[in-house]
Every structure is written in structure tokens, then in C-alpha cells.
Amino acid sequence: MLVSHLHKFVFLKSHKTASTTCELLLQPFCVPRDYPCEMEGPCFEGKEGIVGARGKAFLSAVPMPKWVGHMGIGDIIDRLGMPSLDGYEVISSVRNPFTRAISQFHFNRSYHGLPPFDDPEEAISTFEAEDFAKGYPTDLALLHHKGRYIPNHTIRFEALSADLHQLFETLGLTITAQKLPHARRSDQDRLGLTTTDYFRNPKIADAIRVKDAWIFKRFGYALDPVHA
């Protein structure tokens, strides 16, 4: 998550939506000029703005950081001590729930120190055994406050470059990076499997449609994984 007091924006970091790419591009506008902008780092709070802690080592620090990457909008408002974010542009990112579930699946495996799959069938069968009611954040609470979707700028994973350039134009800012930064892409662990390969069992697609119903409804993603 980010807050820029200088440029009046807040970035809410959703899960597996290229949010770290967005965060790294926006962070320079939240910190002093010489502050390092790296894939992992501690939280920062200053007159310029706020950066949530990123990376396993920094997120598990003791005491727990005041500001962390995937912090919900309600907690941000409370810790800022502001009644609302009036006057601030609120930004987040979104992704097709079917491909996001696959990405989260591979990320979880890597995060817990498990090796990538080398057998496509093992990957699919393990995916099918997952409990999608746990460990797969919907971002519903992260992006909503008092029953209302808060971001007024939502960057689509599927149109990342175009949406980012439009956002920067709207904010009156300039993208300084020569190419889009990104964290290690968990999608590279898919072994050439398609989205429909992962959802060969219709019950798995049903679980995602239920869990991320609000994303399908708000952003118009197709309800069949064949179109993901």
C-alpha cells in the first residue's frame, strides 16, 4: 500500500493482480528523492507519504510494522486518523478471478518453500485439492469501506500498460521506469497448462465464482474459465 501526501493518492495493494508492479511505479511519488525503491523493504512514513512493508522478512518483523503491503482501506483510514480520503485519488488493480486463483496457488507454494511442479498432472490434481474458502483472499474487505467500493481508479491486469499510462496521465505524473518492473511471476510455473486445464473439474470453477462473485459482477469478467 502507498499514500502520497504530495500528489494526493492512495494505492491499495490487492493480491496477484500485478499490484507490486503498480506499487513500484508509484512509490517514488511517496518518498524522498533518494529513498530506495526495491522489491522488498520496510515500511516508510514521512511528510511525503507512506509505503507499506513488502517482503516476508519485513512483514514478519517484530514489532509488526505499522504499515503493511496488503492493508485494507478501513485500517488505512483509521491509522491516518482521517474521517475519509476526500481529496485523494484511490487506486487499486484487478484481475480475472480464474487466472488470479492459479497465480495465487503457485505463489502460495513458493511462499511456503515448496518447489515448483515438474509434472502437469500433479499440478492440476494439487490445485483441485485446494480449499478455496481459505488462503485465497477475495480482496472484498481490502477494497470496500462501509459497504462501498472505494477505488476510483482500477488498473486491469489484462490491460496493465494502457491502464497505467492512463492513470499517470490523469494524476499528472510521469512514469520514470524504462520498462514495467515486476516481481517473480508465479505464472511461469504453469508448465504450459491453460486456464481451462486447471478448471477441468467444474466444481473448482463454481468455488471461484462464489468466492469472487463481487469481482465478476463489478468488472464484467466472463463466468466461464474458457474465456479467461
# chains A, B, ... in the order shown; residues from 1 in each chain; ligands from 1
>>> select_by_dssp(residues="range 154-211 of chain A", states="alpha helix (DSSP H)", output="ChimeraX atom specification")
/A:160-171,195-198,202-211
>>> write_last_selection(atoms="C-alpha atoms", output="short mmCIF file (atom, residue, chain, number, x, y, z; two decimals), in the first residue's frame")
data_model
loop_
_atom_site.label_atom_id
_atom_site.label_comp_id
_atom_site.auth_asym_id
_atom_site.auth_seq_id
_atom_site.Cartn_x
_atom_site.Cartn_y
_atom_site.Cartn_z
CA LEU A 160 -1.79 -3.23 -17.48
CA SER A 161 0.38 -0.96 -19.61
CA ALA A 162 -2.50 1.03 -21.13
CA ASP A 163 -4.26 1.50 -17.79
CA LEU A 164 -1.05 2.55 -16.03
CA HIS A 165 -0.26 5.15 -18.68
CA GLN A 166 -3.82 6.47 -18.44
CA LEU A 167 -3.55 6.64 -14.65
CA PHE A 168 -0.27 8.55 -14.74
CA GLU A 169 -1.73 10.98 -17.26
CA THR A 170 -4.74 11.53 -15.00
CA LEU A 171 -2.51 12.12 -11.97
CA THR A 195 -6.56 -21.92 -17.58
CA THR A 196 -9.16 -24.46 -18.69
CA ASP A 197 -6.73 -27.28 -17.84
CA TYR A 198 -6.80 -26.17 -14.21
CA PRO A 202 -16.47 -27.74 -12.84
CA LYS A 203 -16.74 -27.66 -9.04
CA ILE A 204 -13.48 -25.69 -8.88
CA ALA A 205 -14.83 -23.03 -11.21
CA ASP A 206 -18.00 -22.93 -9.12
CA ALA A 207 -15.94 -22.25 -6.00
CA ILE A 208 -14.16 -19.33 -7.66
CA ARG A 209 -17.42 -17.89 -8.99
CA VAL A 210 -18.83 -17.92 -5.47
CA LYS A 211 -15.73 -16.61 -3.72
#
>>> residues_around(residues="range 37-40 of chain A", least_positions_apart="5", cutoff="7 Å", atoms="only C-alpha atoms", output="CSV table (one decimal) with C-alpha atoms, in the first residue's frame")
chain,number,residue,atom,x,y,z
A,24,LEU,CA,7.0,0.1,-7.6
A,27,GLN,CA,6.4,4.6,-4.8
A,54,ARG,CA,7.0,-5.6,1.4
A,55,GLY,CA,8.6,-9.0,1.6
A,183,ALA,CA,8.2,-9.5,-9.1
>>> select_by_dssp(residues="range 85-184 of chain A", states="strand (DSSP E)", output="MDAnalysis selection string")
chainID A and resid 89:94 144:145 148:149 153:156
>>> closest_residue(among="A:Gln104, A:Leu25, A:Thr17, A:Ser60", to="Gly41 in chain A", atoms="only C-alpha atoms")
A:Ser60
>>> closest_residue(among="A:Pro120, A:Pro32, A:Pro63, A:Gly72", to="His144 in chain A", atoms="only C-alpha atoms")
A:Gly72
>>> closest_residue(among="A:Gly74, A:Ala18, A:Arg218, A:Tyr136", to="Phe98 in chain A", atoms="only C-alpha atoms")
A:Tyr136
>>> decode(residues="range 92-138 of chain A", atoms="N, CA and C atoms", output="PDB file, in the first residue's frame")
ATOM      1  N   SER A  92      -6.374   0.967  -7.249  1.00  0.00           N
ATOM      2  CA  SER A  92      -6.087  -0.439  -6.995  1.00  0.00           C
ATOM      3  C   SER A  92      -5.991  -1.170  -8.335  1.00  0.00           C
ATOM      4  N   SER A  93      -5.869  -2.496  -8.279  1.00  0.00           N
ATOM      5  CA  SER A  93      -5.753  -3.288  -9.500  1.00  0.00           C
ATOM      6  C   SER A  93      -6.615  -4.535  -9.367  1.00  0.00           C
ATOM      7  N   VAL A  94      -7.003  -5.098 -10.508  1.00  0.00           N
ATOM      8  CA  VAL A  94      -7.920  -6.226 -10.543  1.00  0.00           C
ATOM      9  C   VAL A  94      -7.468  -7.206 -11.618  1.00  0.00           C
ATOM     10  N   ARG A  95      -7.950  -8.446 -11.497  1.00  0.00           N
ATOM     11  CA  ARG A  95      -7.562  -9.486 -12.459  1.00  0.00           C
ATOM     12  C   ARG A  95      -8.688 -10.505 -12.578  1.00  0.00           C
ATOM     13  N   ASN A  96      -8.764 -11.159 -13.716  1.00  0.00           N
ATOM     14  CA  ASN A  96      -9.731 -12.234 -13.889  1.00  0.00           C
ATOM     15  C   ASN A  96      -9.591 -13.228 -12.736  1.00  0.00           C
ATOM     16  N   PRO A  97     -10.655 -13.506 -12.004  1.00  0.00           N
ATOM     17  CA  PRO A  97     -10.549 -14.383 -10.827  1.00  0.00           C
ATOM     18  C   PRO A  97     -10.024 -15.788 -11.110  1.00  0.00           C
ATOM     19  N   PHE A  98     -10.268 -16.313 -12.298  1.00  0.00           N
ATOM     20  CA  PHE A  98      -9.772 -17.658 -12.605  1.00  0.00           C
ATOM     21  C   PHE A  98      -8.243 -17.673 -12.720  1.00  0.00           C
ATOM     22  N   THR A  99      -7.682 -16.745 -13.476  1.00  0.00           N
ATOM     23  CA  THR A  99      -6.222 -16.714 -13.603  1.00  0.00           C
ATOM     24  C   THR A  99      -5.576 -16.239 -12.305  1.00  0.00           C
ATOM     25  N   ARG A 100      -6.270 -15.407 -11.560  1.00  0.00           N
ATOM     26  CA  ARG A 100      -5.738 -14.956 -10.276  1.00  0.00           C
ATOM     27  C   ARG A 100      -5.631 -16.121  -9.297  1.00  0.00           C
ATOM     28  N   ALA A 101      -6.621 -17.025  -9.298  1.00  0.00           N
ATOM     29  CA  ALA A 101      -6.585 -18.184  -8.406  1.00  0.00           C
ATOM     30  C   ALA A 101      -5.388 -19.082  -8.733  1.00  0.00           C
ATOM     31  N   ILE A 102      -5.123 -19.265 -10.019  1.00  0.00           N
ATOM     32  CA  ILE A 102      -3.977 -20.087 -10.422  1.00  0.00           C
ATOM     33  C   ILE A 102      -2.671 -19.441  -9.962  1.00  0.00           C
ATOM     34  N   SER A 103      -2.566 -18.137 -10.173  1.00  0.00           N
ATOM     35  CA  SER A 103      -1.364 -17.415  -9.763  1.00  0.00           C
ATOM     36  C   SER A 103      -1.174 -17.477  -8.253  1.00  0.00           C
ATOM     37  N   GLN A 104      -2.265 -17.312  -7.498  1.00  0.00           N
ATOM     38  CA  GLN A 104      -2.184 -17.375  -6.043  1.00  0.00           C
ATOM     39  C   GLN A 104      -1.764 -18.770  -5.578  1.00  0.00           C
ATOM     40  N   PHE A 105      -2.259 -19.782  -6.263  1.00  0.00           N
ATOM     41  CA  PHE A 105      -1.914 -21.172  -5.955  1.00  0.00           C
ATOM     42  C   PHE A 105      -0.406 -21.396  -6.056  1.00  0.00           C
ATOM     43  N   HIS A 106       0.187 -20.971  -7.163  1.00  0.00           N
ATOM     44  CA  HIS A 106       1.628 -21.161  -7.342  1.00  0.00           C
ATOM     45  C   HIS A 106       2.428 -20.258  -6.402  1.00  0.00           C
ATOM     46  N   PHE A 107       1.928 -19.061  -6.152  1.00  0.00           N
ATOM     47  CA  PHE A 107       2.614 -18.161  -5.212  1.00  0.00           C
ATOM     48  C   PHE A 107       2.635 -18.761  -3.811  1.00  0.00           C
ATOM     49  N   ASN A 108       1.498 -19.274  -3.358  1.00  0.00           N
ATOM     50  CA  ASN A 108       1.429 -19.869  -2.019  1.00  0.00           C
ATOM     51  C   ASN A 108       2.453 -20.983  -1.866  1.00  0.00           C
ATOM     52  N   ARG A 109       2.580 -21.786  -2.920  1.00  0.00           N
ATOM     53  CA  ARG A 109       3.537 -22.904  -2.878  1.00  0.00           C
ATOM     54  C   ARG A 109       4.968 -22.374  -2.727  1.00  0.00           C
ATOM     55  N   SER A 110       5.317 -21.380  -3.511  1.00  0.00           N
ATOM     56  CA  SER A 110       6.653 -20.801  -3.434  1.00  0.00           C
ATOM     57  C   SER A 110       6.890 -20.128  -2.080  1.00  0.00           C
ATOM     58  N   TYR A 111       5.874 -19.418  -1.583  1.00  0.00           N
ATOM     59  CA  TYR A 111       5.994 -18.673  -0.325  1.00  0.00           C
ATOM     60  C   TYR A 111       6.291 -19.605   0.840  1.00  0.00           C
ATOM     61  N   HIS A 112       5.733 -20.807   0.773  1.00  0.00           N
ATOM     62  CA  HIS A 112       5.939 -21.780   1.849  1.00  0.00           C
ATOM     63  C   HIS A 112       7.134 -22.691   1.599  1.00  0.00           C
ATOM     64  N   GLY A 113       7.969 -22.326   0.631  1.00  0.00           N
ATOM     65  CA  GLY A 113       9.224 -23.026   0.414  1.00  0.00           C
ATOM     66  C   GLY A 113       9.131 -24.327  -0.344  1.00  0.00           C
ATOM     67  N   LEU A 114       7.992 -24.543  -1.027  1.00  0.00           N
ATOM     68  CA  LEU A 114       7.835 -25.775  -1.803  1.00  0.00           C
ATOM     69  C   LEU A 114       8.351 -25.574  -3.224  1.00  0.00           C
ATOM     70  N   PRO A 115       8.927 -26.594  -3.834  1.00  0.00           N
ATOM     71  CA  PRO A 115       9.494 -26.430  -5.180  1.00  0.00           C
ATOM     72  C   PRO A 115       8.390 -26.345  -6.231  1.00  0.00           C
ATOM     73  N   PRO A 116       8.697 -25.776  -7.393  1.00  0.00           N
ATOM     74  CA  PRO A 116       7.717 -25.770  -8.484  1.00  0.00           C
ATOM     75  C   PRO A 116       7.396 -27.191  -8.924  1.00  0.00           C
ATOM     76  N   PHE A 117       6.245 -27.351  -9.511  1.00  0.00           N
ATOM     77  CA  PHE A 117       5.867 -28.655 -10.047  1.00  0.00           C
ATOM     78  C   PHE A 117       6.690 -28.953 -11.299  1.00  0.00           C
ATOM     79  N   ASP A 118       6.963 -30.236 -11.538  1.00  0.00           N
ATOM     80  CA  ASP A 118       7.556 -30.637 -12.812  1.00  0.00           C
ATOM     81  C   ASP A 118       6.647 -31.604 -13.569  1.00  0.00           C
ATOM     82  N   ASP A 119       5.504 -31.911 -12.953  1.00  0.00           N
ATOM     83  CA  ASP A 119       4.531 -32.812 -13.567  1.00  0.00           C
ATOM     84  C   ASP A 119       3.193 -32.085 -13.685  1.00  0.00           C
ATOM     85  N   PRO A 120       2.727 -31.820 -14.897  1.00  0.00           N
ATOM     86  CA  PRO A 120       1.471 -31.092 -15.067  1.00  0.00           C
ATOM     87  C   PRO A 120       0.290 -31.736 -14.359  1.00  0.00           C
ATOM     88  N   GLU A 121       0.203 -33.048 -14.390  1.00  0.00           N
ATOM     89  CA  GLU A 121      -0.924 -33.725 -13.741  1.00  0.00           C
ATOM     90  C   GLU A 121      -0.897 -33.522 -12.226  1.00  0.00           C
ATOM     91  N   GLU A 122       0.287 -33.545 -11.648  1.00  0.00           N
ATOM     92  CA  GLU A 122       0.407 -33.298 -10.210  1.00  0.00           C
ATOM     93  C   GLU A 122      -0.021 -31.869  -9.878  1.00  0.00           C
ATOM     94  N   ALA A 123       0.352 -30.921 -10.741  1.00  0.00           N
ATOM     95  CA  ALA A 123      -0.038 -29.526 -10.521  1.00  0.00           C
ATOM     96  C   ALA A 123      -1.553 -29.382 -10.510  1.00  0.00           C
ATOM     97  N   ILE A 124      -2.219 -30.002 -11.497  1.00  0.00           N
ATOM     98  CA  ILE A 124      -3.675 -29.878 -11.596  1.00  0.00           C
ATOM     99  C   ILE A 124      -4.357 -30.574 -10.424  1.00  0.00           C
ATOM    100  N   SER A 125      -3.922 -31.776 -10.091  1.00  0.00           N
ATOM    101  CA  SER A 125      -4.574 -32.512  -9.008  1.00  0.00           C
ATOM    102  C   SER A 125      -4.382 -31.806  -7.667  1.00  0.00           C
ATOM    103  N   THR A 126      -3.220 -31.184  -7.458  1.00  0.00           N
ATOM    104  CA  THR A 126      -2.986 -30.435  -6.218  1.00  0.00           C
ATOM    105  C   THR A 126      -3.864 -29.191  -6.188  1.00  0.00           C
ATOM    106  N   PHE A 127      -3.992 -28.531  -7.319  1.00  0.00           N
ATOM    107  CA  PHE A 127      -4.872 -27.362  -7.430  1.00  0.00           C
ATOM    108  C   PHE A 127      -6.309 -27.752  -7.106  1.00  0.00           C
ATOM    109  N   GLU A 128      -6.746 -28.890  -7.605  1.00  0.00           N
ATOM    110  CA  GLU A 128      -8.114 -29.349  -7.385  1.00  0.00           C
ATOM    111  C   GLU A 128      -8.376 -29.689  -5.915  1.00  0.00           C
ATOM    112  N   ALA A 129      -7.319 -30.023  -5.190  1.00  0.00           N
ATOM    113  CA  ALA A 129      -7.471 -30.383  -3.779  1.00  0.00           C
ATOM    114  C   ALA A 129      -7.447 -29.171  -2.852  1.00  0.00           C
ATOM    115  N   GLU A 130      -7.189 -27.993  -3.402  1.00  0.00           N
ATOM    116  CA  GLU A 130      -7.116 -26.793  -2.582  1.00  0.00           C
ATOM    117  C   GLU A 130      -8.475 -26.445  -1.980  1.00  0.00           C
ATOM    118  N   ASP A 131      -8.455 -25.806  -0.824  1.00  0.00           N
ATOM    119  CA  ASP A 131      -9.666 -25.284  -0.185  1.00  0.00           C
ATOM    120  C   ASP A 131      -9.741 -23.800  -0.518  1.00  0.00           C
ATOM    121  N   PHE A 132     -10.572 -23.459  -1.491  1.00  0.00           N
ATOM    122  CA  PHE A 132     -10.617 -22.077  -1.948  1.00  0.00           C
ATOM    123  C   PHE A 132     -11.365 -21.158  -0.986  1.00  0.00           C
ATOM    124  N   ALA A 133     -11.934 -21.728   0.069  1.00  0.00           N
ATOM    125  CA  ALA A 133     -12.538 -20.893   1.104  1.00  0.00           C
ATOM    126  C   ALA A 133     -11.475 -20.341   2.057  1.00  0.00           C
ATOM    127  N   LYS A 134     -10.244 -20.901   1.973  1.00  0.00           N
ATOM    128  CA  LYS A 134      -9.150 -20.473   2.839  1.00  0.00           C
ATOM    129  C   LYS A 134      -7.913 -20.216   1.994  1.00  0.00           C
ATOM    130  N   GLY A 135      -7.168 -19.220   2.367  1.00  0.00           N
ATOM    131  CA  GLY A 135      -5.892 -18.980   1.708  1.00  0.00           C
ATOM    132  C   GLY A 135      -5.980 -18.288   0.362  1.00  0.00           C
ATOM    133  N   TYR A 136      -7.185 -17.947  -0.066  1.00  0.00           N
ATOM    134  CA  TYR A 136      -7.361 -17.269  -1.354  1.00  0.00           C
ATOM    135  C   TYR A 136      -8.166 -15.995  -1.120  1.00  0.00           C
ATOM    136  N   PRO A 137      -7.469 -14.896  -0.834  1.00  0.00           N
ATOM    137  CA  PRO A 137      -8.161 -13.666  -0.459  1.00  0.00           C
ATOM    138  C   PRO A 137      -9.048 -13.132  -1.584  1.00  0.00           C
ATOM    139  N   THR A 138     -10.219 -12.636  -1.219  1.00  0.00           N
ATOM    140  CA  THR A 138     -11.133 -12.071  -2.211  1.00  0.00           C
ATOM    141  C   THR A 138     -10.863 -10.586  -2.446  1.00  0.00           C
TER     142      THR A 138
END
